[in-house]
Amino acid sequence: MDRNISQKLATATVDFDKPGKQVGFFHIPLSVHDDAWGVVPVPVAVIKNGVGPTVILEGGNHGDEYEGPITLGELIRELDPADVQGRLIFIPAINLPAVNAARRTSPIDEINMNRTFPGDPLGTTTRQIAAYVNDVIFPMGDVFIDLHSGGSSLDIIPSSVIEPGATPEQHAANVAAAKAFGTEIAVVIDNRGDPRTATASAALQGMTVIGTEMAGGGTVSVDALALCRRGVRNVLAHLGVLPARMASPVAAEPKLYDLGPKAHVIAEDDGVYEPLHKLGTAVEVGQLAGRIHFLANPGRTPVELHYRASGILYGRRQPGRVRPGNCCFVVASPYTAPAA
């Protein structure tokens with residue numbers, strides 16, 4: 001695949017190399033029944049000044065996760081270019097169709113953008129957006145900040161997320177950025193080794209990468225939003241792109257966890273699940289985690305769910321209704337650094 005196709009088919013209304021502040025779009029072609037030569041106008045902003053790294057900040061990869069897009073929109077409006085040393089490239093609503101629909105996946109092609117990188121410039125709309133970011137924007141970057149929340153289906157402890165680095169140096173930079181964010185915990189998440197995430201794709205291009213999970217439930221959390229606002233500024237100050245006065249003091253380094261191969265508890269039945277523990281509870285492998293009830297068959301004994309790993313309850317399904325294959329619980333285990 002000729003990756004230059006992305007630059008030929010999509011166009012940006014901003015000049016990524018121009019000093020100052022610009023707010024515009026990159027246009028992804030969309031030819032549909034009522035608009036033969038239309039586009040999907042994905043918002044993008046650039047703030048460039050002085051000498052320093054290029055930081056790419058993404059929100060709205062999933063359209064029902066709100067703390068990141070709100071935080072990035074505020075930064076776009078409030079930052080004075082004179083306070084920036086380097087370049088900030090904002091993509092606050094990267095999966096615009098999903099953001100407009102308040103859905104995890106795009107209503108155009110039903111694709112989860114965070115399982116489609118590096119994208120396909122000749123694919124469906126979601127794949128084209130991912131390809132433009134991967135082929136055109138990522139090569140400009142030194143650091144990638146990817147802001148997520150739990151979305152409509154999960155409630156998650158607010159945390160910074162560490163993308164495993166390909167080299168010890170890259171991994172150390174990822175960990176340092178996650179610590180600078182200022183959450184109580186930081187979690188190493190490799191998405192079961194899936195290389196199709198935005199963070200994995202950015203890491204493959206050599207960038208320092210940091211992600212987040214900011215609560216969830218398809219709502220805006222007051223506490224998580226405040227944390228996200230502080231955390232992004234902290235990381236940008238840590239990188240030297242913003243002055244130190246814009247950072248907030250971090251009380252202590254976060255406790256480090258990771259999601260191992262047995263972190264997830266998956267439903268095998270169709271019913272309503274009952275969780276037994278609050279987020280942050282210390283749990284043990286084999287411990288009873290919850291039950292699935294069968295409301296239309298009250299004579300049937302509920303099915304028990306058990307934790308498959310020891311650690312803390314990091315994530316919990318938000319809707320009570322479950323079907324086979326749904327993730328009900330996520331356990332984060334204490335992180336052990338790989339041997340040198």
# chains A, B, ... in the order shown; residues from 1 in each chain; ligands from 1
$ residues_around --residues "Arg196 (chain A)" --least-positions-apart "4" --cutoff "12 Å" --atoms "only C-alpha atoms" --output "ChimeraX atom specification"
/A:112-120,127,130-131,134,190-192,200-204
$ closest_atom_pairs --of "region 121-149 of chain A" --to "region 75-88 of chain A" --cutoff "10 Å" --atoms "only C-alpha atoms" --output "tab-separated table"
residue	atom	partner	partner_atom	distance
A:Met140	CA	A:Arg87	CA	9.6
A:Gly141	CA	A:Arg87	CA	8.9
A:Asp142	CA	A:Arg87	CA	9.8
A:Val143	CA	A:Leu88	CA	9.7
$ residues_around --residues "Gln287 (chain A)" --least-positions-apart "4" --cutoff "9 Å" --atoms "only C-alpha atoms" --output "PDB file with N, CA, C and O atoms, in the first residue's frame"
ATOM      1  N   VAL A 283      -8.471  -7.899  45.403  1.00  0.00           N
ATOM      2  CA  VAL A 283      -9.133  -9.178  45.129  1.00  0.00           C
ATOM      3  C   VAL A 283      -8.074 -10.257  44.887  1.00  0.00           C
ATOM      4  O   VAL A 283      -6.919  -9.955  44.596  1.00  0.00           O
ATOM      5  N   LEU A 305     -19.335 -15.837  38.911  1.00  0.00           N
ATOM      6  CA  LEU A 305     -18.143 -15.384  38.202  1.00  0.00           C
ATOM      7  C   LEU A 305     -17.013 -15.237  39.209  1.00  0.00           C
ATOM      8  O   LEU A 305     -17.225 -14.725  40.322  1.00  0.00           O
ATOM      9  N   HIS A 306     -15.811 -15.670  38.839  1.00  0.00           N
ATOM     10  CA  HIS A 306     -14.664 -15.628  39.743  1.00  0.00           C
ATOM     11  C   HIS A 306     -13.499 -14.880  39.100  1.00  0.00           C
ATOM     12  O   HIS A 306     -13.311 -14.934  37.883  1.00  0.00           O
ATOM     13  N   TYR A 307     -12.742 -14.183  39.937  1.00  0.00           N
ATOM     14  CA  TYR A 307     -11.560 -13.487  39.435  1.00  0.00           C
ATOM     15  C   TYR A 307     -10.512 -14.494  38.986  1.00  0.00           C
ATOM     16  O   TYR A 307     -10.320 -15.547  39.608  1.00  0.00           O
ATOM     17  N   ARG A 308      -9.816 -14.142  37.910  1.00  0.00           N
ATOM     18  CA  ARG A 308      -8.791 -15.019  37.344  1.00  0.00           C
ATOM     19  C   ARG A 308      -7.387 -14.519  37.651  1.00  0.00           C
ATOM     20  O   ARG A 308      -6.401 -15.122  37.250  1.00  0.00           O
ATOM     21  N   SER A 310      -5.035 -11.877  40.720  1.00  0.00           N
ATOM     22  CA  SER A 310      -5.012 -11.149  41.983  1.00  0.00           C
ATOM     23  C   SER A 310      -4.534  -9.719  41.731  1.00  0.00           C
ATOM     24  O   SER A 310      -3.702  -9.477  40.853  1.00  0.00           O
TER      25      SER A 310
END
$ closest_residue --among "A:Val46, A:Val330, A:Val40, A:Ala337" --to "Ala98 (chain A)" --atoms "only C-alpha atoms"
A:Val40
$ atom_distance --atom1 "CA of Glu213 (chain A)" --atom2 "CA of Ala247 (chain A)"
19.9 Å
$ decode --residues "region 304-316 of chain A" --atoms "N, CA, C and O atoms" --output "short mmCIF file (atom, residue, chain, number, x, y, z; two decimals), in the first residue's frame"
data_model
loop_
_atom_site.label_atom_id
_atom_site.label_comp_id
_atom_site.auth_asym_id
_atom_site.auth_seq_id
_atom_site.Cartn_x
_atom_site.Cartn_y
_atom_site.Cartn_z
N GLU A 304 -22.06 -18.15 38.92
CA GLU A 304 -21.05 -17.39 39.64
C GLU A 304 -19.87 -17.04 38.71
O GLU A 304 -19.48 -17.83 37.86
N LEU A 305 -19.34 -15.84 38.91
CA LEU A 305 -18.14 -15.38 38.20
C LEU A 305 -17.01 -15.24 39.21
O LEU A 305 -17.23 -14.73 40.32
N HIS A 306 -15.81 -15.67 38.84
CA HIS A 306 -14.66 -15.63 39.74
C HIS A 306 -13.50 -14.88 39.10
O HIS A 306 -13.31 -14.93 37.88
N TYR A 307 -12.74 -14.18 39.94
CA TYR A 307 -11.56 -13.49 39.43
C TYR A 307 -10.51 -14.49 38.99
O TYR A 307 -10.32 -15.55 39.61
N ARG A 308 -9.82 -14.14 37.91
CA ARG A 308 -8.79 -15.02 37.34
C ARG A 308 -7.39 -14.52 37.65
O ARG A 308 -6.40 -15.12 37.25
N ALA A 309 -7.29 -13.38 38.35
CA ALA A 309 -6.00 -12.81 38.72
C ALA A 309 -6.14 -12.10 40.06
O ALA A 309 -7.25 -11.75 40.48
N SER A 310 -5.04 -11.88 40.72
CA SER A 310 -5.01 -11.15 41.98
C SER A 310 -4.53 -9.72 41.73
O SER A 310 -3.70 -9.48 40.85
N GLY A 311 -5.05 -8.79 42.52
CA GLY A 311 -4.67 -7.39 42.36
C GLY A 311 -5.77 -6.49 42.88
O GLY A 311 -6.30 -6.72 43.97
N ILE A 312 -6.13 -5.46 42.09
CA ILE A 312 -7.23 -4.58 42.45
C ILE A 312 -8.27 -4.61 41.33
O ILE A 312 -7.92 -4.82 40.16
N LEU A 313 -9.52 -4.40 41.71
CA LEU A 313 -10.58 -4.32 40.71
C LEU A 313 -10.43 -2.99 39.99
O LEU A 313 -10.71 -1.93 40.55
N TYR A 314 -9.97 -3.03 38.75
CA TYR A 314 -9.61 -1.83 37.99
C TYR A 314 -10.77 -1.34 37.13
O TYR A 314 -10.99 -0.14 37.00
N GLY A 315 -11.54 -2.26 36.56
CA GLY A 315 -12.65 -1.90 35.69
C GLY A 315 -13.83 -2.81 35.92
O GLY A 315 -13.67 -3.99 36.28
N ARG A 316 -15.02 -2.26 35.71
CA ARG A 316 -16.25 -3.03 35.94
C ARG A 316 -17.27 -2.62 34.90
O ARG A 316 -17.41 -1.45 34.58
#
